[in-house]
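Shown next: entry-v2.pdb, given as PDB, C-alpha atoms.
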ATOM      1  CA  TYR A 731     -14.815 -61.283 -47.815
ATOM      2  CA  PHE A 732     -14.733 -60.557 -44.088
ATOM      3  CA  ARG A 733     -11.306 -59.007 -44.378
ATOM      4  CA  ASN A 734     -12.518 -56.682 -47.133
ATOM      5  CA  LYS A 735     -15.566 -55.783 -45.046
ATOM      6  CA  VAL A 736     -13.366 -54.819 -42.071
ATOM      7  CA  LEU A 737     -11.138 -52.701 -44.285
ATOM      8  CA  PHE A 738     -14.200 -50.999 -45.746
ATOM      9  CA  LEU A 739     -15.572 -50.186 -42.290
ATOM     10  CA  GLU A 740     -12.213 -48.856 -41.142
ATOM     11  CA  GLU A 741     -11.976 -46.573 -44.156
ATOM     12  CA  LYS A 742     -15.560 -45.460 -43.557
ATOM     13  CA  ASP A 743     -14.729 -44.559 -39.933
ATOM     14  CA  LYS A 744     -11.662 -42.629 -41.035
ATOM     15  CA  PHE A 745     -13.735 -40.754 -43.599
ATOM     16  CA  TYR A 746     -16.393 -39.708 -41.082
ATOM     17  CA  HIS A 747     -13.720 -38.815 -38.538
ATOM     18  CA  ARG A 748     -11.979 -36.508 -41.037
ATOM     19  CA  LEU A 749     -15.326 -35.080 -42.074
ATOM     20  CA  PHE A 750     -16.211 -34.402 -38.429
ATOM     21  CA  LEU A 751     -12.881 -32.653 -37.840
ATOM     22  CA  ASP A 752     -13.306 -30.581 -41.004
ATOM     23  CA  ILE A 753     -16.753 -29.475 -39.834
ATOM     24  CA  LEU A 754     -15.395 -28.579 -36.378
ATOM     25  CA  ILE A 755     -12.611 -26.516 -37.954
ATOM     26  CA  LEU A 756     -15.117 -24.689 -40.133
ATOM     27  CA  ILE A 757     -17.361 -23.971 -37.135
ATOM     28  CA  TYR A 758     -14.350 -22.784 -35.098
ATOM     29  CA  GLN A 759     -13.194 -20.504 -37.909
ATOM     30  CA  GLU A 760     -16.699 -19.110 -38.262
ATOM     31  CA  LEU A 761     -16.847 -18.461 -34.519
ATOM     32  CA  LEU A 762     -13.474 -16.691 -34.644
ATOM     33  CA  ASN A 763     -14.701 -14.542 -37.531
ATOM     34  CA  ARG A 764     -17.871 -13.642 -35.643
ATOM     35  CA  ILE A 765     -15.946 -12.845 -32.446
ATOM     36  CA  SER A 766     -13.484 -10.701 -34.414
ATOM     37  CA  LEU A 767     -16.419  -8.855 -35.984
ATOM     38  CA  HIS A 768     -18.018  -8.262 -32.562
ATOM     39  CA  GLU A 769     -14.658  -7.203 -31.095
ATOM     40  CA  ALA A 770     -14.261  -4.617 -33.838
ATOM     41  CA  LYS A 771     -17.735  -3.276 -33.114
ATOM     42  CA  TYR A 772     -17.009  -3.352 -29.361
ATOM     43  CA  PHE A 773     -13.841  -1.280 -29.686
ATOM     44  CA  ASP A 774     -15.559   1.086 -32.133
ATOM     45  CA  ASP A 775     -18.260   1.517 -29.461
ATOM     46  CA  ILE A 776     -21.070   0.488 -31.825
ATOM     47  CA  LEU A 777     -22.014  -2.800 -30.120
ATOM     48  CA  ASP A 778     -25.152  -2.437 -27.996
ATOM     49  CA  ASN A 779     -25.153  -3.448 -24.318
ATOM     50  CA  VAL A 780     -27.579  -6.348 -24.833
ATOM     51  CA  LYS A 781     -25.237  -7.950 -27.369
ATOM     52  CA  ILE A 782     -22.244  -7.353 -25.065
ATOM     53  CA  GLN A 783     -23.988  -9.099 -22.172
ATOM     54  CA  GLN A 784     -25.087 -12.020 -24.361
ATOM     55  CA  ILE A 785     -21.552 -12.556 -25.682
ATOM     56  CA  GLU A 786     -19.918 -12.201 -22.258
ATOM     57  CA  LYS A 787     -22.134 -15.051 -20.966
ATOM     58  CA  PHE A 788     -20.037 -17.362 -23.166
ATOM     59  CA  GLY A 789     -16.867 -16.216 -21.360
ATOM     60  CA  VAL A 790     -15.602 -13.880 -24.077
ATOM     61  CA  VAL A 791     -12.886 -11.530 -22.781
ATOM     62  CA  TRP A 792     -12.625  -8.406 -24.904
ATOM     63  CA  ASN A 793      -9.058  -7.663 -23.868
ATOM     64  CA  PRO A 794      -7.267 -10.491 -21.979
ATOM     65  CA  MET A 795      -4.335  -8.246 -21.032
ATOM     66  CA  ILE A 796      -6.628  -5.675 -19.397
ATOM     67  CA  GLN A 797      -8.493  -8.408 -17.525
ATOM     68  CA  ALA A 798      -5.232  -9.928 -16.254
ATOM     69  CA  GLU A 799      -4.116  -6.482 -15.082
ATOM     70  CA  GLN A 800      -7.391  -5.905 -13.251
ATOM     71  CA  GLU A 801      -7.148  -9.302 -11.538
ATOM     72  CA  LYS A 802      -3.649  -8.469 -10.274
ATOM     73  CA  ARG A 803      -4.856  -5.099  -9.018
ATOM     74  CA  MET A 804      -7.663  -6.801  -7.117
ATOM     75  CA  LEU A 805      -5.114  -9.155  -5.526
ATOM     76  CA  LEU A 806      -2.936  -6.179  -4.581
ATOM     77  CA  VAL A 807      -5.869  -4.433  -2.894
ATOM     78  CA  LYS A 808      -6.632  -7.664  -1.019
ATOM     79  CA  TYR A 809      -2.984  -7.869   0.099
ATOM     80  CA  TYR A 810      -3.104  -4.222   1.215
ATOM     81  CA  ASP A 811      -6.302  -4.805   3.217
ATOM     82  CA  GLU A 812      -4.714  -7.824   4.890
ATOM     83  CA  TYR A 813      -1.273  -6.391   5.723
ATOM     84  CA  GLY A 814      -1.818  -2.592   5.727
ATOM     85  CA  ASN A 815       0.866  -1.953   3.083
ATOM     86  CA  ILE A 816       2.300  -3.403  -0.118
ATOM     87  CA  ASN A 817       5.954  -3.353   0.955
ATOM     88  CA  MET A 818       6.183  -7.109   0.587
ATOM     89  CA  PRO A 819       9.268  -9.359   0.833
ATOM     90  CA  LYS A 820      11.100 -10.384  -2.332
ATOM     91  CA  TYR A 821       9.472 -12.988  -4.565
ATOM     92  CA  THR A 822       6.185 -12.875  -2.679
ATOM     93  CA  GLU A 823       3.512 -15.071  -4.242
ATOM     94  CA  TYR A 824      -0.050 -14.174  -3.288
ATOM     95  CA  GLY A 825      -3.232 -15.801  -4.507
ATOM     96  CA  GLY A 826      -1.207 -17.982  -6.849
ATOM     97  CA  VAL A 827       0.309 -14.923  -8.562
ATOM     98  CA  HIS A 828       3.917 -13.684  -8.429
ATOM     99  CA  ILE A 829       2.699 -10.314  -7.192
ATOM    100  CA  TRP A 830       6.131  -9.002  -6.097
ATOM    101  CA  GLU A 831       7.625  -9.516  -9.564
ATOM    102  CA  TRP A 832       4.612  -7.777 -11.121
ATOM    103  CA  LEU A 833       5.143  -4.786  -8.784
ATOM    104  CA  GLN A 834       8.841  -4.632  -9.668
ATOM    105  CA  GLY A 835       7.834  -4.330 -13.314
ATOM    106  CA  LYS A 836       5.601  -1.368 -12.425
ATOM    107  CA  LYS A 837       8.468   0.307 -10.540
ATOM    108  CA  LYS A 838      10.763  -0.052 -13.567
ATOM    109  CA  LYS A 839       8.085   1.501 -15.784
ATOM    110  CA  TYR A 840       7.688   4.340 -13.273
ATOM    111  CA  ILE A 841      11.421   5.122 -13.446
ATOM    112  CA  LYS A 842      11.206   5.148 -17.256
ATOM    113  CA  ASN A 843       8.130   7.416 -17.069
ATOM    114  CA  GLU A 844       5.997   4.747 -18.768
ATOM    115  CA  LEU A 845       3.119   4.636 -16.264
ATOM    116  CA  SER A 846      -0.089   6.598 -16.754
ATOM    117  CA  LYS A 847      -1.281   9.119 -14.158
ATOM    118  CA  GLU A 848      -4.138   6.756 -13.304
ATOM    119  CA  GLU A 849      -1.707   3.885 -12.619
ATOM    120  CA  ILE A 850       0.556   6.071 -10.463
ATOM    121  CA  LYS A 851      -2.452   7.319  -8.493
ATOM    122  CA  PHE A 852      -3.683   3.758  -7.901
ATOM    123  CA  PHE A 853      -0.349   2.422  -6.630
ATOM    124  CA  GLU A 854       0.435   5.464  -4.481
ATOM    125  CA  LYS A 855      -3.029   5.223  -2.927
ATOM    126  CA  HIS A 856      -1.984   1.801  -1.632
ATOM    127  CA  GLY A 857       1.372   3.017  -0.324
ATOM    128  CA  ILE A 858       3.811   1.895  -2.997
ATOM    129  CA  VAL A 859       7.440   2.892  -2.435
ATOM    130  CA  TRP A 860       9.004   3.470  -5.831
ATOM    131  CA  ASP A 861      12.661   3.451  -4.753
ATOM    132  CA  VAL A 862      14.239   0.343  -3.189
ATOM    133  CA  PHE A 863      16.085   2.463  -0.596
ATOM    134  CA  ASP A 864      12.829   4.213   0.284
ATOM    135  CA  GLU A 865      11.247   0.777   0.570
ATOM    136  CA  ARG A 866      13.792  -0.253   3.210
ATOM    137  CA  TRP A 867      13.218   3.004   5.064
ATOM    138  CA  GLN A 868       9.460   2.511   4.932
ATOM    139  CA  ARG A 869       9.831  -0.964   6.410
ATOM    140  CA  GLY A 870      11.696   0.536   9.377
ATOM    141  CA  PHE A 871       9.148   3.308   9.740
ATOM    142  CA  ASP A 872       6.263   0.816   9.729
ATOM    143  CA  ALA A 873       7.955  -1.045  12.610
ATOM    144  CA  ALA A 874       8.520   2.227  14.496
ATOM    145  CA  LYS A 875       4.916   3.308  13.960
ATOM    146  CA  LYS A 876       3.617  -0.035  15.188
ATOM    147  CA  TYR A 877       5.736   0.304  18.339
ATOM    148  CA  TYR A 878       4.537   3.878  18.894
ATOM    149  CA  GLU A 879       0.886   2.914  18.498
ATOM    150  CA  LYS A 880       1.345   0.215  21.132
ATOM    151  CA  TYR A 881       3.525   2.065  23.679
ATOM    152  CA  GLY A 882       3.012   5.776  22.880
ATOM    153  CA  ASN A 883       6.704   6.601  22.452
ATOM    154  CA  LEU A 884       9.957   5.616  20.717
ATOM    155  CA  SER A 885      12.144   5.624  23.812
ATOM    156  CA  ILE A 886      13.894   2.316  23.191
ATOM    157  CA  SER A 887      17.379   0.921  23.555
ATOM    158  CA  VAL A 888      19.636   0.733  20.510
ATOM    159  CA  LYS A 889      19.668  -3.052  21.050
ATOM    160  CA  TYR A 890      15.885  -3.362  20.915
ATOM    161  CA  VAL A 891      14.589  -6.020  18.484
ATOM    162  CA  THR A 892      10.916  -6.485  17.560
ATOM    163  CA  ASP A 893       8.984  -9.745  17.863
ATOM    164  CA  ASN A 894       9.691 -10.504  14.184
ATOM    165  CA  ASN A 895      13.453  -9.941  14.717
ATOM    166  CA  TYR A 896      13.612  -6.448  13.178
ATOM    167  CA  LYS A 897      16.443  -4.373  14.728
ATOM    168  CA  LEU A 898      14.269  -1.347  15.452
ATOM    169  CA  GLY A 899      16.642   0.185  18.019
ATOM    170  CA  GLU A 900      19.483   0.272  15.483
ATOM    171  CA  TRP A 901      17.166   1.714  12.825
ATOM    172  CA  ILE A 902      15.997   4.557  15.090
ATOM    173  CA  SER A 903      19.591   5.293  16.104
ATOM    174  CA  ALA A 904      20.553   5.411  12.415
ATOM    175  CA  GLN A 905      17.760   7.930  11.741
ATOM    176  CA  ARG A 906      19.130  10.247  14.446
ATOM    177  CA  GLY A 907      22.547  10.058  12.794
ATOM    178  CA  LYS A 908      21.072  10.814   9.368
ATOM    179  CA  TYR A 909      19.057  13.706  10.808
ATOM    180  CA  LYS A 910      22.200  15.204  12.346
ATOM    181  CA  ASN A 911      24.005  14.958   8.978
ATOM    182  CA  ASN A 912      21.023  16.302   6.969
ATOM    183  CA  LYS A 913      20.486  13.009   5.153
ATOM    184  CA  LEU A 914      16.747  12.669   5.803
ATOM    185  CA  THR A 915      14.089  14.160   3.540
ATOM    186  CA  GLU A 916      11.569  16.664   4.908
ATOM    187  CA  GLN A 917       8.829  14.068   4.462
ATOM    188  CA  GLN A 918      10.780  11.470   6.463
ATOM    189  CA  ILE A 919      11.425  13.970   9.257
ATOM    190  CA  HIS A 920       7.753  14.939   9.295
ATOM    191  CA  LYS A 921       6.612  11.308   9.508
ATOM    192  CA  LEU A 922       9.036  10.515  12.335
ATOM    193  CA  ASN A 923       8.090  13.647  14.261
ATOM    194  CA  PHE A 924       4.452  12.672  14.053
ATOM    195  CA  ILE A 925       5.104   9.375  15.858
ATOM    196  CA  GLY A 926       7.114  10.987  18.640
ATOM    197  CA  MET A 927      10.702  10.747  17.394
ATOM    198  CA  CYS A 928      13.222  12.231  19.846
ATOM    199  CA  TRP A 929      16.161  13.724  17.956
ATOM    200  CA  ASN A 930      18.045  14.926  21.043
ATOM    201  CA  SER A 931      17.793  15.290  24.836
ATOM    202  CA  TYR A 932      15.526  18.347  24.529
ATOM    203  CA  ASP A 933      13.127  16.403  22.331
ATOM    204  CA  LYS A 934      13.151  13.563  24.836
ATOM    205  CA  LYS A 935      12.134  15.920  27.652
ATOM    206  CA  TRP A 936       9.349  17.397  25.498
ATOM    207  CA  PHE A 937       7.848  14.002  24.778
ATOM    208  CA  GLU A 938       8.183  12.943  28.404
ATOM    209  CA  SER A 939       6.057  15.985  29.336
ATOM    210  CA  PHE A 940       3.677  15.245  26.494
ATOM    211  CA  GLU A 941       3.136  11.750  27.940
ATOM    212  CA  TYR A 942       1.791  13.400  31.110
ATOM    213  CA  VAL A 943      -0.534  15.526  28.974
ATOM    214  CA  LYS A 944      -1.869  12.408  27.251
ATOM    215  CA  LYS A 945      -2.451  10.689  30.592
ATOM    216  CA  TYR A 946      -4.332  13.724  31.908
ATOM    217  CA  TYR A 947      -6.432  13.878  28.737
ATOM    218  CA  LYS A 948      -7.258  10.190  28.967
ATOM    219  CA  GLU A 949      -8.383  10.685  32.567
ATOM    220  CA  TYR A 950     -10.366  13.935  32.238
ATOM    221  CA  GLY A 951     -11.156  14.318  28.510
ATOM    222  CA  ASN A 952      -9.503  17.746  28.100
ATOM    223  CA  ILE A 953      -6.249  19.619  28.818
ATOM    224  CA  ASN A 954      -7.755  22.953  29.857
ATOM    225  CA  ILE A 955      -5.739  23.447  33.050
ATOM    226  CA  PRO A 956      -4.429  26.600  34.766
ATOM    227  CA  CYS A 957      -0.783  27.620  34.714
ATOM    228  CA  GLY A 958      -0.055  26.571  38.306
ATOM    229  CA  PHE A 959      -1.632  23.116  38.042
ATOM    230  CA  VAL A 960       0.507  20.147  39.100
ATOM    231  CA  TYR A 961      -0.333  16.630  37.918
ATOM    232  CA  LYS A 962       1.340  13.591  39.486
ATOM    233  CA  GLY A 963       4.293  15.706  40.540
ATOM    234  CA  LYS A 964       4.657  17.319  37.110
ATOM    235  CA  LYS A 965       4.147  21.090  36.655
ATOM    236  CA  LEU A 966       1.846  20.378  33.756
ATOM    237  CA  GLY A 967       0.088  23.761  33.718
ATOM    238  CA  MET A 968       3.438  25.566  33.457
ATOM    239  CA  TRP A 969       4.618  23.299  30.665
ATOM    240  CA  LEU A 970       1.453  23.871  28.635
ATOM    241  CA  SER A 971       1.832  27.599  29.210
ATOM    242  CA  THR A 972       5.315  27.515  27.620
ATOM    243  CA  GLN A 973       3.843  25.714  24.602
ATOM    244  CA  ARG A 974       1.285  28.504  24.200
ATOM    245  CA  GLN A 975       4.023  31.109  24.409
ATOM    246  CA  ALA A 976       6.044  29.309  21.754
ATOM    247  CA  TYR A 977       2.933  29.077  19.579
ATOM    248  CA  ARG A 978       2.390  32.854  19.927
ATOM    249  CA  GLY A 979       5.979  33.564  18.820
ATOM    250  CA  ASN A 980       7.889  34.021  22.084
ATOM    251  CA  PRO A 981      11.577  33.845  20.972
ATOM    252  CA  ASN A 982      12.562  32.084  24.207
ATOM    253  CA  TYR A 983      10.553  28.996  23.267
ATOM    254  CA  HIS A 984      10.150  26.832  20.168
ATOM    255  CA  ILE A 985       7.426  24.530  18.890
ATOM    256  CA  THR A 986       7.198  22.580  15.636
ATOM    257  CA  GLU A 987       4.177  22.037  13.386
ATOM    258  CA  GLU A 988       4.145  18.355  14.338
ATOM    259  CA  ARG A 989       3.974  19.183  18.054
ATOM    260  CA  ILE A 990       1.203  21.688  17.438
ATOM    261  CA  ALA A 991      -0.700  18.909  15.630
ATOM    262  CA  LEU A 992      -0.103  16.458  18.514
ATOM    263  CA  LEU A 993      -1.457  18.966  21.051
ATOM    264  CA  ASN A 994      -4.378  19.874  18.788
ATOM    265  CA  ASN A 995      -5.336  16.201  18.703
ATOM    266  CA  LEU A 996      -5.867  16.486  22.466
ATOM    267  CA  GLY A 997      -7.998  19.618  22.146
ATOM    268  CA  MET A 998      -5.315  22.193  23.000
ATOM    269  CA  CYS A 999      -6.613  25.695  23.675
ATOM    270  CA  TRP A1000      -3.926  28.160  22.567
ATOM    271  CA  LYS A1001      -5.438  31.126  24.396
ATOM    272  CA  ILE A1002      -3.956  32.008  27.790
ATOM    273  CA  LEU A1003      -6.058  30.399  30.534
TER     274      LEU A1003
END
Would you mind writing the file's structure down as structure tokens?
Amino acid sequence: YFRNKVLFLEEKDKFYHRLFLDILILIYQELLNRISLHEAKYFDDILDNVKIQQIEKFGVVWNPMIQAEQEKRMLLVKYYDEYGNINMPKYTEYGGVHIWEWLQGKKKKYIKNELSKEEIKFFEKHGIVWDVFDERWQRGFDAAKKYYEKYGNLSISVKYVTDNNYKLGEWISAQRGKYKNNKLTEQQIHKLNFIGMCWNSYDKKWFESFEYVKKYYKEYGNINIPCGFVYKGKKLGMWLSTQRQAYRGNPNYHITEERIALLNNLGMCWKIL
């Protein structure tokens, strides 16, 4: 009798367990049907905002792929804010995401012309370098820019190495060689000129004089000085006068757009004083 009773109870438990699972499956299927119905209305733009907010409270994601993309973009922006660029080392993992591999996928799509204008605009806004060779160049330029911002020039030995062991002296020397052989783009030349790149001995002399101008500006707040003015042994007034003559088209002198911009940043007056 007791044995039969135990068997009966066991069968009863199994029955209710199966029944419970069947009910759960039915509820789950009903929920899926309702979510599918709401998703269809959502994408047809006929689901009102109140309903959308109510459904989203339950953690419903309308398009998981779009949400994942947005989360990676947010991480990329965070990385950019932290490091100032997105030229990250290979296999970089950030915020628990393989962000470098994700970026490589975007670069491949860019080459195949599979990125939208909005995507291209977003990545270029945060300084993406599409080509791997450009990426290496940009890494060198970032090091050169950092040095320039700290010391005000790029007058360094070819053996100079940065604190993080980057061979900046060799990189700058290589850029001079490429410039001489016309292997730099106009954009690269422009960027290097803007941070005081000296391509030859004449350029070096120009930037040495410009250093005096910067010192004078820092001391007095302007560079409005007469032609005969001498500053710390340097005929600074005469040098500025030659820059004005070059600006006005005197064939005996030459001045580039980058140098004009550098002098303008210090409040250069191009009229003869």
Residue contacts of segment 948-959 of chain A (6 Å, only C-alpha atoms) excluding same-chain residues fewer than 2 positions away, as a count of residues only = 5
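Shortest atom-to-atom contact with Ala991 of chain A among A:Gly926, A:Gly979, A:Gly963, A:Gly826: A:Gly926, counting only C-alpha atoms.
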Run the PyMOL selection byres ((chain A and resi 848-862) around 12) on the file and write out the hits as a PDB file with C-alpha atoms, in the coordinates of the input.
ATOM      1  CA  GLU A 799      -4.116  -6.482 -15.082  1.00  0.00           C
ATOM      2  CA  GLN A 800      -7.391  -5.905 -13.251  1.00  0.00           C
ATOM      3  CA  LYS A 802      -3.649  -8.469 -10.274  1.00  0.00           C
ATOM      4  CA  ARG A 803      -4.856  -5.099  -9.018  1.00  0.00           C
ATOM      5  CA  MET A 804      -7.663  -6.801  -7.117  1.00  0.00           C
ATOM      6  CA  LEU A 806      -2.936  -6.179  -4.581  1.00  0.00           C
ATOM      7  CA  VAL A 807      -5.869  -4.433  -2.894  1.00  0.00           C
ATOM      8  CA  LYS A 808      -6.632  -7.664  -1.019  1.00  0.00           C
ATOM      9  CA  TYR A 809      -2.984  -7.869   0.099  1.00  0.00           C
ATOM     10  CA  TYR A 810      -3.104  -4.222   1.215  1.00  0.00           C
ATOM     11  CA  ASP A 811      -6.302  -4.805   3.217  1.00  0.00           C
ATOM     12  CA  GLU A 812      -4.714  -7.824   4.890  1.00  0.00           C
ATOM     13  CA  TYR A 813      -1.273  -6.391   5.723  1.00  0.00           C
ATOM     14  CA  GLY A 814      -1.818  -2.592   5.727  1.00  0.00           C
ATOM     15  CA  ASN A 815       0.866  -1.953   3.083  1.00  0.00           C
ATOM     16  CA  ILE A 816       2.300  -3.403  -0.118  1.00  0.00           C
ATOM     17  CA  ASN A 817       5.954  -3.353   0.955  1.00  0.00           C
ATOM     18  CA  MET A 818       6.183  -7.109   0.587  1.00  0.00           C
ATOM     19  CA  PRO A 819       9.268  -9.359   0.833  1.00  0.00           C
ATOM     20  CA  LYS A 820      11.100 -10.384  -2.332  1.00  0.00           C
ATOM     21  CA  TRP A 830       6.131  -9.002  -6.097  1.00  0.00           C
ATOM     22  CA  LEU A 833       5.143  -4.786  -8.784  1.00  0.00           C
ATOM     23  CA  GLN A 834       8.841  -4.632  -9.668  1.00  0.00           C
ATOM     24  CA  GLY A 835       7.834  -4.330 -13.314  1.00  0.00           C
ATOM     25  CA  LYS A 836       5.601  -1.368 -12.425  1.00  0.00           C
ATOM     26  CA  LYS A 837       8.468   0.307 -10.540  1.00  0.00           C
ATOM     27  CA  LYS A 838      10.763  -0.052 -13.567  1.00  0.00           C
ATOM     28  CA  LYS A 839       8.085   1.501 -15.784  1.00  0.00           C
ATOM     29  CA  TYR A 840       7.688   4.340 -13.273  1.00  0.00           C
ATOM     30  CA  ILE A 841      11.421   5.122 -13.446  1.00  0.00           C
ATOM     31  CA  LYS A 842      11.206   5.148 -17.256  1.00  0.00           C
ATOM     32  CA  ASN A 843       8.130   7.416 -17.069  1.00  0.00           C
ATOM     33  CA  GLU A 844       5.997   4.747 -18.768  1.00  0.00           C
ATOM     34  CA  LEU A 845       3.119   4.636 -16.264  1.00  0.00           C
ATOM     35  CA  SER A 846      -0.089   6.598 -16.754  1.00  0.00           C
ATOM     36  CA  LYS A 847      -1.281   9.119 -14.158  1.00  0.00           C
ATOM     37  CA  PHE A 863      16.085   2.463  -0.596  1.00  0.00           C
ATOM     38  CA  ASP A 864      12.829   4.213   0.284  1.00  0.00           C
ATOM     39  CA  GLU A 865      11.247   0.777   0.570  1.00  0.00           C
ATOM     40  CA  ARG A 866      13.792  -0.253   3.210  1.00  0.00           C
ATOM     41  CA  TRP A 867      13.218   3.004   5.064  1.00  0.00           C
ATOM     42  CA  GLN A 868       9.460   2.511   4.932  1.00  0.00           C
ATOM     43  CA  ARG A 869       9.831  -0.964   6.410  1.00  0.00           C
ATOM     44  CA  ASP A 872       6.263   0.816   9.729  1.00  0.00           C
TER      45      ASP A 872
END
note = Using all atoms listed in the file, the shortest atom-to-atom distance to Leu993 of chain A among A:Val943, A:Ile925, A:Ile757, A:Ile829 belongs to A:Val943
task = Please write the residues picked by the PyMOL selection byres ((chain A and resi 974-976) around 12) on this file as a PyMOL selection string.
result = chain A and resi 957+967-973+977-987+989-990+993-994+998-1003
task = Can you turn the PyMOL selection byres ((chain A and resi 886-899) around 8) into a concrete residue list for this file, as an MDAnalysis selection string?
result = chainID A and resid 870 873:874 884:885 900:903
task = Just give me the gap between atom CA of Glu938 of chain A and atom CA of Asn883 of chain A in Å, one decimal is fine.
result =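 The value is 8.8 Å.
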request  = Measure the distance from atom CA of Lys964 of chain A to atom CA of Phe937 of chain A in Å and round it to one decimal.
outcome  =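 It comes out at 13.2 Å.
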